[in-house]
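All remarks here apply to the structure that follows.
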Amino acid sequence: MNLVLHTLRCVGHASLPRIADAAGLPEPEVESELIDLAVDGLVTRSTGIWGLTEAGKTADADQTTADLDASGQRFTVRAAYGDFLVLNLELLDLCSAWQLRDEATINKKRVLENFSDLNDRVGPVLAALPRLSRYRERLNAALARAQAGDMAELTDSMTSYHVIWFQLHEDLLTTLGIPRT
Amino acid sequence: MIFWLSPHLTQPTALIGAKAQGLVTLMRLGLPVPAAFVIAIPPRPAGRPAPPPPPTANHDAVRPAPPPPATAAPDPAQPAPPPPATATHDPTQPAPPPPATATHDPTQLAPSSPATAAHHPAPSPPAAATPDPDQLAPSAPTTATYDPARPAPANWTDVRAHRSLLPSDEALKTAVVRLGAEAVSVRSGAAVSMPGMMNTVLDVRGPVAPAVHEVVESWNTRRAVAYRDLHGIPHDLGTAVIVQAMVHGDRDDRSGSGVAFSRNPGSGSPEPYGDVLFGDRGDAVVSGECDTLPLTALHDREPTVWTELVSALTRLEAHYRDACHVEFTFESGRLWLLQVRPGGLTPRAAVRVAVDLADEGLIDCSEAVRRVSPHQLKAAVTPRMAAAEILTRGRGASPGVATGRVALTADNAVRMSGPVILVRPVTSPLDMHGLAAAAGVVTSRGGPTSHAAVVARGLGKPAVVGAAGLDQLTEGTLITIDGSSGEIALGEVPSAPGESDPHLRRLLTWAAATHRH
């Protein structure tokens, strides 16, 4: 599969630096790949923002499916997705509780501890496929930014813990060919 | 430890939980509640006083229990409190199917009396109609393994330790037989409310113990643990379990379920409000997966149920001195109340209700000021949509008012000129650029803790989720959404800043006066 194409599939529309960061690849390499993909009609660029075409979406779905079947890991990933769904409910509760907080009573330390605990427990899900290890790095980094005091990195920025988690959710759905409900 | 719910049960909320306490209140007010018993919350370890409940606690938990109202005593002028479901053989109603007890199994009833007998500190008189087995066998031995001398586990994470504190399977079986229902519901009920965190098992037929264990164990799901962590609820508080005769909202076309608020939870305006679903069970209403009708649909289709429900809401308000909401089911045209909770209002509605209640003389001005927290007050200032003809509604997920043209795809939201409202079934990361470009977002699926809701709040955009009937919206239609109340209206509707709200202004005046004293 094409990692740049797949990253863009999970991230949605994004600028080159964000795609490179999500893929964990150098920007020039990603840009060169994006241009090739654009030539093939799989991605487009508009005002500096890259996005998939319908053909790009189909190509990624085909490649990802073929890759998963070739790896023989479908069962493992399917189980990991089941585990993820349970954690996903917790994460969404946690994000909502943080966003709807009462400043007078919220305990920021406990909120961070809960995120940290969840971050540990999602580990086995991220071990289901080698390429998911990039989410491990990105989630850790977002949590570290919040722990360093930038609490917007939990739920309220485009690089937030929730946004990365949302992309992980999309990745698992796309990898398994499950429509979002 | 099992307690039968009756108007005379005086156990504290710390023992029977807030939900059971609510059911007792309903019974005291003479309102129809299916027969139920509660498996009490095990005692906390000795020497550990129960901490004060968090501020979100049920009113009954934070206030001394009011004396039973006049209706609790037999009053010929008042309708008698309804007997438990087992005794409601109303000749005008079709006879219910024979309860499980009708086919007497000698092995079940013969040897042991109900396990509850020995646990009632003061056996309460039964609610009129049914003979009470407690009284038939007051000194019978118990089969429960509960030992009051043994401390509860310090932490409920050891579920097996807790399990030993539950009534034995045999005792449960006996109690369910006594309930005499063809099916039961099994719900959790802690001393403080943890909405949506715990399991409910509906329509249990046959052994009830597995369902009881499932509900108890849901106390320790990670979600529930995290919820308690964030809301300052002690982990060893534990939960009660309510086993109740099942009433069937899906029995026939004169059956259904719903949620009813005594006042509009979005605006606080003083008329009943809610959702009803004909021919379906309550879980379908709560899940938001079915298209419900406004509560007023009951007025036309089941006028008797409507009248009874409205009267119940009025009495509950007078009792709680607050707006409240009930979960209800009607079965073959007969109303049953399954749960009551005070509050449940958006911040602006909470302000209006506090002021209106003071005007109605139910509370005084300083109590009205106390009712609204600084957090609610802050949120109440958020602009709201002025009164308008409502096209449809969902749940408010991110407060604020936005007006724009409907965009049905994220790409269109980016492409269209002028403000747009992105309308999607659900959102995925592929919609993020559309969300960023839109003035607001509406989804037809998902709840206030969906990805869409979190993203919208993160971006500070008004959002309505789980909205019904979105297929009637065509691209380009001008709509206005209110992310507090969940309302969606056609056209451009002005928004009113909080400061212009007369109720809020009055409350702030009262607050200032209170501070001066």
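Convention: chains lettered A, B, ... in structure tokens order; per-chain residue numbering from 1; ligands numbered from 1 as shown.
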Using only C-alpha atoms, find which residues of chain B lie within 8 Å of chain A and jot them down as an MDAnalysis selection string. chainID B and resid 222:223 226:227 229:231 375 426 428:433 445 448:451 454:455 457:459
Could you list, as a PDB file with N, CA and C atoms, in the first residue's frame, every residue within 12 Å of Ala59 (chain A), counting only C-alpha atoms and ignoring same-chain residues fewer than 6 positions away?
```
ATOM      1  N   MET A   1       0.834  -1.200   0.000  1.00  0.00           N
ATOM      2  CA  MET A   1       0.000   0.000   0.000  1.00  0.00           C
ATOM      3  C   MET A   1       0.867   1.248   0.000  1.00  0.00           C
ATOM      4  N   ASN A   2       0.249   2.341  -0.395  1.00  0.00           N
ATOM      5  CA  ASN A   2       0.972   3.610  -0.433  1.00  0.00           C
ATOM      6  C   ASN A   2       0.721   4.356   0.881  1.00  0.00           C
ATOM      7  N   LEU A   5      -0.700   7.959   0.610  1.00  0.00           N
ATOM      8  CA  LEU A   5      -2.115   7.946   0.224  1.00  0.00           C
ATOM      9  C   LEU A   5      -2.985   7.535   1.421  1.00  0.00           C
ATOM     10  N   HIS A   6      -2.548   6.489   2.120  1.00  0.00           N
ATOM     11  CA  HIS A   6      -3.343   5.985   3.243  1.00  0.00           C
ATOM     12  C   HIS A   6      -3.385   7.003   4.391  1.00  0.00           C
ATOM     13  N   ARG A   9      -5.858   9.505   3.581  1.00  0.00           N
ATOM     14  CA  ARG A   9      -7.201   8.922   3.723  1.00  0.00           C
ATOM     15  C   ARG A   9      -7.694   9.021   5.171  1.00  0.00           C
ATOM     16  N   LEU A  37       0.998  11.004  -6.935  1.00  0.00           N
ATOM     17  CA  LEU A  37      -0.391  10.584  -6.726  1.00  0.00           C
ATOM     18  C   LEU A  37      -1.360  11.514  -7.449  1.00  0.00           C
ATOM     19  N   ASP A  40      -1.593  10.662 -11.000  1.00  0.00           N
ATOM     20  CA  ASP A  40      -2.454   9.487 -11.194  1.00  0.00           C
ATOM     21  C   ASP A  40      -3.927   9.778 -10.904  1.00  0.00           C
ATOM     22  N   GLY A  41      -4.224  11.014 -10.509  1.00  0.00           N
ATOM     23  CA  GLY A  41      -5.624  11.376 -10.249  1.00  0.00           C
ATOM     24  C   GLY A  41      -6.147  10.882  -8.913  1.00  0.00           C
ATOM     25  N   LEU A  42      -5.255  10.538  -7.990  1.00  0.00           N
ATOM     26  CA  LEU A  42      -5.716   9.988  -6.710  1.00  0.00           C
ATOM     27  C   LEU A  42      -5.821  11.060  -5.621  1.00  0.00           C
ATOM     28  N   VAL A  43      -5.078  12.151  -5.788  1.00  0.00           N
ATOM     29  CA  VAL A  43      -5.185  13.256  -4.827  1.00  0.00           C
ATOM     30  C   VAL A  43      -5.274  14.575  -5.592  1.00  0.00           C
ATOM     31  N   LEU A  52      -7.983  13.661  -0.911  1.00  0.00           N
ATOM     32  CA  LEU A  52      -8.174  12.511  -1.794  1.00  0.00           C
ATOM     33  C   LEU A  52      -9.275  12.767  -2.811  1.00  0.00           C
ATOM     34  N   THR A  53      -9.145  12.183  -3.968  1.00  0.00           N
ATOM     35  CA  THR A  53     -10.270  12.134  -4.904  1.00  0.00           C
ATOM     36  C   THR A  53     -11.032  10.841  -4.614  1.00  0.00           C
ATOM     37  N   THR A  65      -6.952  -3.352   1.785  1.00  0.00           N
ATOM     38  CA  THR A  65      -7.553  -4.679   1.910  1.00  0.00           C
ATOM     39  C   THR A  65      -6.574  -5.756   1.456  1.00  0.00           C
ATOM     40  N   ALA A  66      -5.960  -5.538   0.304  1.00  0.00           N
ATOM     41  CA  ALA A  66      -5.010  -6.518  -0.239  1.00  0.00           C
ATOM     42  C   ALA A  66      -3.852  -6.720   0.732  1.00  0.00           C
ATOM     43  N   THR A 174     -11.153   1.898   7.978  1.00  0.00           N
ATOM     44  CA  THR A 174     -10.731   1.803   6.584  1.00  0.00           C
ATOM     45  C   THR A 174      -9.980   0.500   6.345  1.00  0.00           C
TER      46      THR A 174
END
```
For Val353 (chain B), work out the shell of residues within 10 Å, counting only C-alpha atoms and skipping chain neighbours fewer than 6 positions away, then give it as a VMD selection string. chain B and resid 263 to 265 267 to 270 322 to 323 343 345 347 359 368 371 to 372 503
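The smallest atom-to-atom distance between Leu85 (chain A) and any of A:Arg18, A:Val122, A:Leu129, A:Val4, using only C-alpha atoms, is found for A:Val122.
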Taking the backbone alone, and naming residues the way the document does, which bits of region 167-225 of chain B are alpha helix (DSSP H) by DSSP, as a ChimeraX atom specification? /B:169-179,209-217,222-225
Serialized selection, N, CA, C and O atoms, as an mmCIF file, in the first residue's frame:
```cif
data_model
loop_
_atom_site.group_PDB
_atom_site.id
_atom_site.type_symbol
_atom_site.label_atom_id
_atom_site.label_comp_id
_atom_site.auth_asym_id
_atom_site.auth_seq_id
_atom_site.Cartn_x
_atom_site.Cartn_y
_atom_site.Cartn_z
ATOM 1 N N ASP B 169 -28.553 -16.695 44.855
ATOM 2 C CA ASP B 169 -29.376 -16.922 43.669
ATOM 3 C C ASP B 169 -30.773 -17.404 44.083
ATOM 4 O O ASP B 169 -31.776 -17.017 43.496
ATOM 5 N N GLU B 170 -30.778 -18.224 45.109
ATOM 6 C CA GLU B 170 -32.046 -18.782 45.571
ATOM 7 C C GLU B 170 -32.955 -17.677 46.134
ATOM 8 O O GLU B 170 -34.152 -17.624 45.856
ATOM 9 N N ALA B 171 -32.327 -16.775 46.921
ATOM 10 C CA ALA B 171 -33.100 -15.680 47.511
ATOM 11 C C ALA B 171 -33.652 -14.769 46.421
ATOM 12 O O ALA B 171 -34.797 -14.306 46.492
ATOM 13 N N LEU B 172 -32.843 -14.548 45.396
ATOM 14 C CA LEU B 172 -33.300 -13.712 44.285
ATOM 15 C C LEU B 172 -34.476 -14.370 43.578
ATOM 16 O O LEU B 172 -35.461 -13.722 43.236
ATOM 17 N N LYS B 173 -34.330 -15.664 43.392
ATOM 18 C CA LYS B 173 -35.371 -16.414 42.697
ATOM 19 C C LYS B 173 -36.696 -16.278 43.460
ATOM 20 O O LYS B 173 -37.746 -16.012 42.868
ATOM 21 N N THR B 174 -36.594 -16.425 44.764
ATOM 22 C CA THR B 174 -37.793 -16.326 45.596
ATOM 23 C C THR B 174 -38.412 -14.940 45.480
ATOM 24 O O THR B 174 -39.628 -14.791 45.351
ATOM 25 N N ALA B 175 -37.560 -13.923 45.529
ATOM 26 C CA ALA B 175 -38.060 -12.551 45.457
ATOM 27 C C ALA B 175 -38.744 -12.289 44.118
ATOM 28 O O ALA B 175 -39.778 -11.632 44.053
ATOM 29 N N VAL B 176 -38.160 -12.817 43.056
ATOM 30 C CA VAL B 176 -38.746 -12.592 41.734
ATOM 31 C C VAL B 176 -40.092 -13.313 41.628
ATOM 32 O O VAL B 176 -41.042 -12.776 41.060
ATOM 33 N N VAL B 177 -40.157 -14.480 42.200
ATOM 34 C CA VAL B 177 -41.432 -15.205 42.205
ATOM 35 C C VAL B 177 -42.482 -14.360 42.909
ATOM 36 O O VAL B 177 -43.609 -14.203 42.447
ATOM 37 N N ARG B 178 -42.069 -13.759 44.003
ATOM 38 C CA ARG B 178 -42.998 -12.938 44.772
ATOM 39 C C ARG B 178 -43.440 -11.708 43.975
ATOM 40 O O ARG B 178 -44.561 -11.223 44.112
ATOM 41 N N LEU B 179 -42.548 -11.232 43.158
ATOM 42 C CA LEU B 179 -42.879 -10.077 42.312
ATOM 43 C C LEU B 179 -44.027 -10.443 41.371
ATOM 44 O O LEU B 179 -44.832 -9.599 40.995
ATOM 45 N N ALA B 209 -30.431 -13.804 38.524
ATOM 46 C CA ALA B 209 -29.103 -13.580 39.106
ATOM 47 C C ALA B 209 -28.055 -13.135 38.078
ATOM 48 O O ALA B 209 -27.297 -12.195 38.348
ATOM 49 N N PRO B 210 -28.004 -13.750 36.895
ATOM 50 C CA PRO B 210 -26.983 -13.303 35.941
ATOM 51 C C PRO B 210 -27.141 -11.815 35.581
ATOM 52 O O PRO B 210 -26.149 -11.090 35.467
ATOM 53 N N ALA B 211 -28.386 -11.379 35.443
ATOM 54 C CA ALA B 211 -28.615 -9.965 35.105
ATOM 55 C C ALA B 211 -28.201 -9.068 36.265
ATOM 56 O O ALA B 211 -27.618 -8.001 36.065
ATOM 57 N N VAL B 212 -28.492 -9.499 37.486
ATOM 58 C CA VAL B 212 -28.103 -8.719 38.666
ATOM 59 C C VAL B 212 -26.582 -8.591 38.707
ATOM 60 O O VAL B 212 -26.034 -7.510 38.918
ATOM 61 N N HIS B 213 -25.905 -9.695 38.474
ATOM 62 C CA HIS B 213 -24.439 -9.651 38.481
ATOM 63 C C HIS B 213 -23.909 -8.754 37.376
ATOM 64 O O HIS B 213 -22.964 -7.995 37.573
ATOM 65 N N GLU B 214 -24.533 -8.820 36.219
ATOM 66 C CA GLU B 214 -24.083 -7.982 35.109
ATOM 67 C C GLU B 214 -24.188 -6.507 35.478
ATOM 68 O O GLU B 214 -23.287 -5.717 35.225
ATOM 69 N N VAL B 215 -25.314 -6.154 36.091
ATOM 70 C CA VAL B 215 -25.526 -4.749 36.456
ATOM 71 C C VAL B 215 -24.522 -4.319 37.527
ATOM 72 O O VAL B 215 -23.898 -3.261 37.435
ATOM 73 N N VAL B 216 -24.330 -5.171 38.534
ATOM 74 C CA VAL B 216 -23.377 -4.842 39.604
ATOM 75 C C VAL B 216 -21.977 -4.676 39.029
ATOM 76 O O VAL B 216 -21.255 -3.729 39.348
ATOM 77 N N GLU B 217 -21.617 -5.595 38.149
ATOM 78 C CA GLU B 217 -20.257 -5.548 37.610
ATOM 79 C C GLU B 217 -20.037 -4.341 36.720
ATOM 80 O O GLU B 217 -18.912 -3.881 36.556
ATOM 81 N N ARG B 222 -14.429 0.373 32.930
ATOM 82 C CA ARG B 222 -13.472 1.476 32.909
ATOM 83 C C ARG B 222 -14.169 2.820 32.724
ATOM 84 O O ARG B 222 -13.776 3.828 33.283
ATOM 85 N N ARG B 223 -15.206 2.792 31.908
ATOM 86 C CA ARG B 223 -15.964 4.032 31.681
ATOM 87 C C ARG B 223 -16.531 4.563 32.973
ATOM 88 O O ARG B 223 -16.451 5.740 33.275
ATOM 89 N N ALA B 224 -17.127 3.651 33.734
ATOM 90 C CA ALA B 224 -17.752 4.071 34.981
ATOM 91 C C ALA B 224 -16.698 4.554 35.972
ATOM 92 O O ALA B 224 -16.895 5.549 36.674
ATOM 93 N N VAL B 225 -15.561 3.858 35.992
ATOM 94 C CA VAL B 225 -14.473 4.257 36.903
ATOM 95 C C VAL B 225 -13.981 5.661 36.539
ATOM 96 O O VAL B 225 -13.819 6.534 37.396
#
```
Set the distance at 12 Å and use only C-alpha atoms: which residues neighbour Leu316 (chain B) once local chain neighbours fewer than 2 positions away are removed? I'd like the list as a ChimeraX atom specification. /B:22-23,25-31,69,260-263,309-314,318-326,337,339-343
So the first atom is CA of Val247 (chain B) and the second is CA of Glu331 (chain B); what is the distance between them in Å, to one decimal place? 6.5 Å
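Coordinates place CA of Ala18 (chain B) at a distance of 7.0 Å from CA of Ser193 (chain B).
Proximity to Met416 (chain B) was assessed for B:Val351, B:Val276, B:Ala438, B:Val381 counting only C-alpha atoms; the smallest distance is recorded for B:Ala438.
The coordinates place CA of Gly189 (chain B) at 13.6 Å from CA of Ile2 (chain B).
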If you run DSSP over the backbone, which residues in region 2-165 of chain A end up strand (DSSP E)? Put them as a ChimeraX atom specification. /A:43-46,49-52
At a cut-off of 9 Å, using only C-alpha atoms, what residues contact Val77 (chain A)? Leave out same-chain residues fewer than 3 positions from it and give the result as number ranges by chain. A: 68, 73-74, 80-82, 125, 128-129, 172, 175-176
Produce a file of the selected residues containing all heavy atoms, as an mmCIF file, in the first residue's frame.
```
data_model
loop_
_atom_site.group_PDB
_atom_site.id
_atom_site.type_symbol
_atom_site.label_atom_id
_atom_site.label_comp_id
_atom_site.auth_asym_id
_atom_site.auth_seq_id
_atom_site.Cartn_x
_atom_site.Cartn_y
_atom_site.Cartn_z
ATOM 1 N N LEU A 68 -3.813 -6.210 3.997
ATOM 2 C CA LEU A 68 -4.228 -6.869 5.234
ATOM 3 C C LEU A 68 -4.360 -8.368 4.985
ATOM 4 O O LEU A 68 -3.906 -9.189 5.788
ATOM 5 C CB LEU A 68 -5.559 -6.283 5.724
ATOM 6 C CG LEU A 68 -6.061 -6.832 7.052
ATOM 7 C CD1 LEU A 68 -5.095 -6.491 8.184
ATOM 8 C CD2 LEU A 68 -7.446 -6.294 7.375
ATOM 9 N N GLN A 73 -3.213 -10.848 8.936
ATOM 10 C CA GLN A 73 -3.490 -10.250 10.243
ATOM 11 C C GLN A 73 -4.943 -9.810 10.423
ATOM 12 O O GLN A 73 -5.266 -9.136 11.390
ATOM 13 C CB GLN A 73 -2.579 -9.026 10.465
ATOM 14 C CG GLN A 73 -1.101 -9.346 10.528
ATOM 15 C CD GLN A 73 -0.784 -10.226 11.726
ATOM 16 O OE1 GLN A 73 -1.020 -9.853 12.862
ATOM 17 N NE2 GLN A 73 -0.272 -11.422 11.473
ATOM 18 N N ARG A 74 -5.800 -10.163 9.486
ATOM 19 C CA ARG A 74 -7.168 -9.652 9.567
ATOM 20 C C ARG A 74 -7.821 -9.971 10.910
ATOM 21 O O ARG A 74 -8.458 -9.121 11.529
ATOM 22 C CB ARG A 74 -8.025 -10.201 8.420
ATOM 23 C CG ARG A 74 -9.479 -9.721 8.462
ATOM 24 C CD ARG A 74 -10.252 -10.107 7.209
ATOM 25 N NE ARG A 74 -9.830 -9.339 6.045
ATOM 26 C CZ ARG A 74 -10.306 -8.133 5.729
ATOM 27 N NH1 ARG A 74 -11.189 -7.547 6.511
ATOM 28 N NH2 ARG A 74 -9.884 -7.504 4.658
ATOM 29 N N ALA A 80 -8.479 -6.289 17.600
ATOM 30 C CA ALA A 80 -7.964 -5.017 18.117
ATOM 31 C C ALA A 80 -9.025 -3.926 17.967
ATOM 32 O O ALA A 80 -9.202 -3.080 18.852
ATOM 33 C CB ALA A 80 -6.697 -4.618 17.370
ATOM 34 N N TYR A 81 -9.757 -3.978 16.864
ATOM 35 C CA TYR A 81 -10.810 -2.985 16.644
ATOM 36 C C TYR A 81 -11.918 -3.126 17.689
ATOM 37 O O TYR A 81 -12.431 -2.128 18.212
ATOM 38 C CB TYR A 81 -11.382 -3.136 15.231
ATOM 39 C CG TYR A 81 -12.553 -2.227 14.960
ATOM 40 C CD1 TYR A 81 -12.383 -0.841 14.953
ATOM 41 C CD2 TYR A 81 -13.824 -2.740 14.719
ATOM 42 C CE1 TYR A 81 -13.454 0.001 14.724
ATOM 43 C CE2 TYR A 81 -14.899 -1.900 14.488
ATOM 44 C CZ TYR A 81 -14.714 -0.534 14.492
ATOM 45 O OH TYR A 81 -15.773 0.302 14.275
ATOM 46 N N GLY A 82 -12.245 -4.368 18.024
ATOM 47 C CA GLY A 82 -13.234 -4.605 19.083
ATOM 48 C C GLY A 82 -12.781 -3.988 20.396
ATOM 49 O O GLY A 82 -13.562 -3.326 21.093
ATOM 50 N N VAL A 125 -3.796 -2.332 21.052
ATOM 51 C CA VAL A 125 -4.483 -2.063 19.782
ATOM 52 C C VAL A 125 -3.464 -1.607 18.741
ATOM 53 O O VAL A 125 -3.471 -2.047 17.588
ATOM 54 C CB VAL A 125 -5.571 -0.973 19.969
ATOM 55 C CG1 VAL A 125 -6.161 -0.560 18.617
ATOM 56 C CG2 VAL A 125 -6.665 -1.467 20.910
ATOM 57 N N ALA A 128 -1.272 -4.141 16.844
ATOM 58 C CA ALA A 128 -1.899 -5.112 15.948
ATOM 59 C C ALA A 128 -1.310 -5.074 14.538
ATOM 60 O O ALA A 128 -1.336 -6.068 13.821
ATOM 61 C CB ALA A 128 -3.407 -4.885 15.896
ATOM 62 N N LEU A 129 -0.798 -3.926 14.127
ATOM 63 C CA LEU A 129 -0.186 -3.789 12.802
ATOM 64 C C LEU A 129 1.049 -2.899 12.961
ATOM 65 O O LEU A 129 0.970 -1.886 13.658
ATOM 66 C CB LEU A 129 -1.137 -3.090 11.828
ATOM 67 C CG LEU A 129 -2.144 -3.881 11.018
ATOM 68 C CD1 LEU A 129 -2.905 -2.938 10.100
ATOM 69 C CD2 LEU A 129 -1.484 -4.995 10.217
ATOM 70 N N LEU A 172 -8.624 2.256 11.456
ATOM 71 C CA LEU A 172 -9.090 0.891 11.728
ATOM 72 C C LEU A 172 -10.306 0.550 10.880
ATOM 73 O O LEU A 172 -10.407 -0.547 10.324
ATOM 74 C CB LEU A 172 -9.401 0.735 13.223
ATOM 75 C CG LEU A 172 -8.184 0.786 14.162
ATOM 76 C CD1 LEU A 172 -8.617 0.903 15.615
ATOM 77 C CD2 LEU A 172 -7.305 -0.450 13.968
ATOM 78 N N THR A 175 -9.102 0.164 7.270
ATOM 79 C CA THR A 175 -8.308 -1.052 7.125
ATOM 80 C C THR A 175 -9.195 -2.284 7.060
ATOM 81 O O THR A 175 -8.964 -3.188 6.270
ATOM 82 C CB THR A 175 -7.318 -1.168 8.305
ATOM 83 O OG1 THR A 175 -6.504 0.005 8.321
ATOM 84 C CG2 THR A 175 -6.442 -2.400 8.171
ATOM 85 N N LEU A 176 -10.238 -2.294 7.874
ATOM 86 C CA LEU A 176 -11.120 -3.457 7.912
ATOM 87 C C LEU A 176 -12.270 -3.344 6.917
ATOM 88 O O LEU A 176 -13.061 -4.271 6.777
ATOM 89 C CB LEU A 176 -11.678 -3.623 9.331
ATOM 90 C CG LEU A 176 -10.653 -4.080 10.373
ATOM 91 C CD1 LEU A 176 -11.180 -3.861 11.786
ATOM 92 C CD2 LEU A 176 -10.286 -5.549 10.166
#
```
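For the set B:Glu367, B:Leu391, B:Ala397, B:Arg348, the residue with the smallest atom-to-atom gap to Ser500 (chain B) is B:Arg348, counting only C-alpha atoms.
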I'd like the contact shell of Asn140 (chain A) - 10 Å cut-off, only C-alpha atoms, skipping same-chain residues fewer than 6 positions apart - returned as a PyMOL selection string. chain A and resi 116+119-120+134+146+161
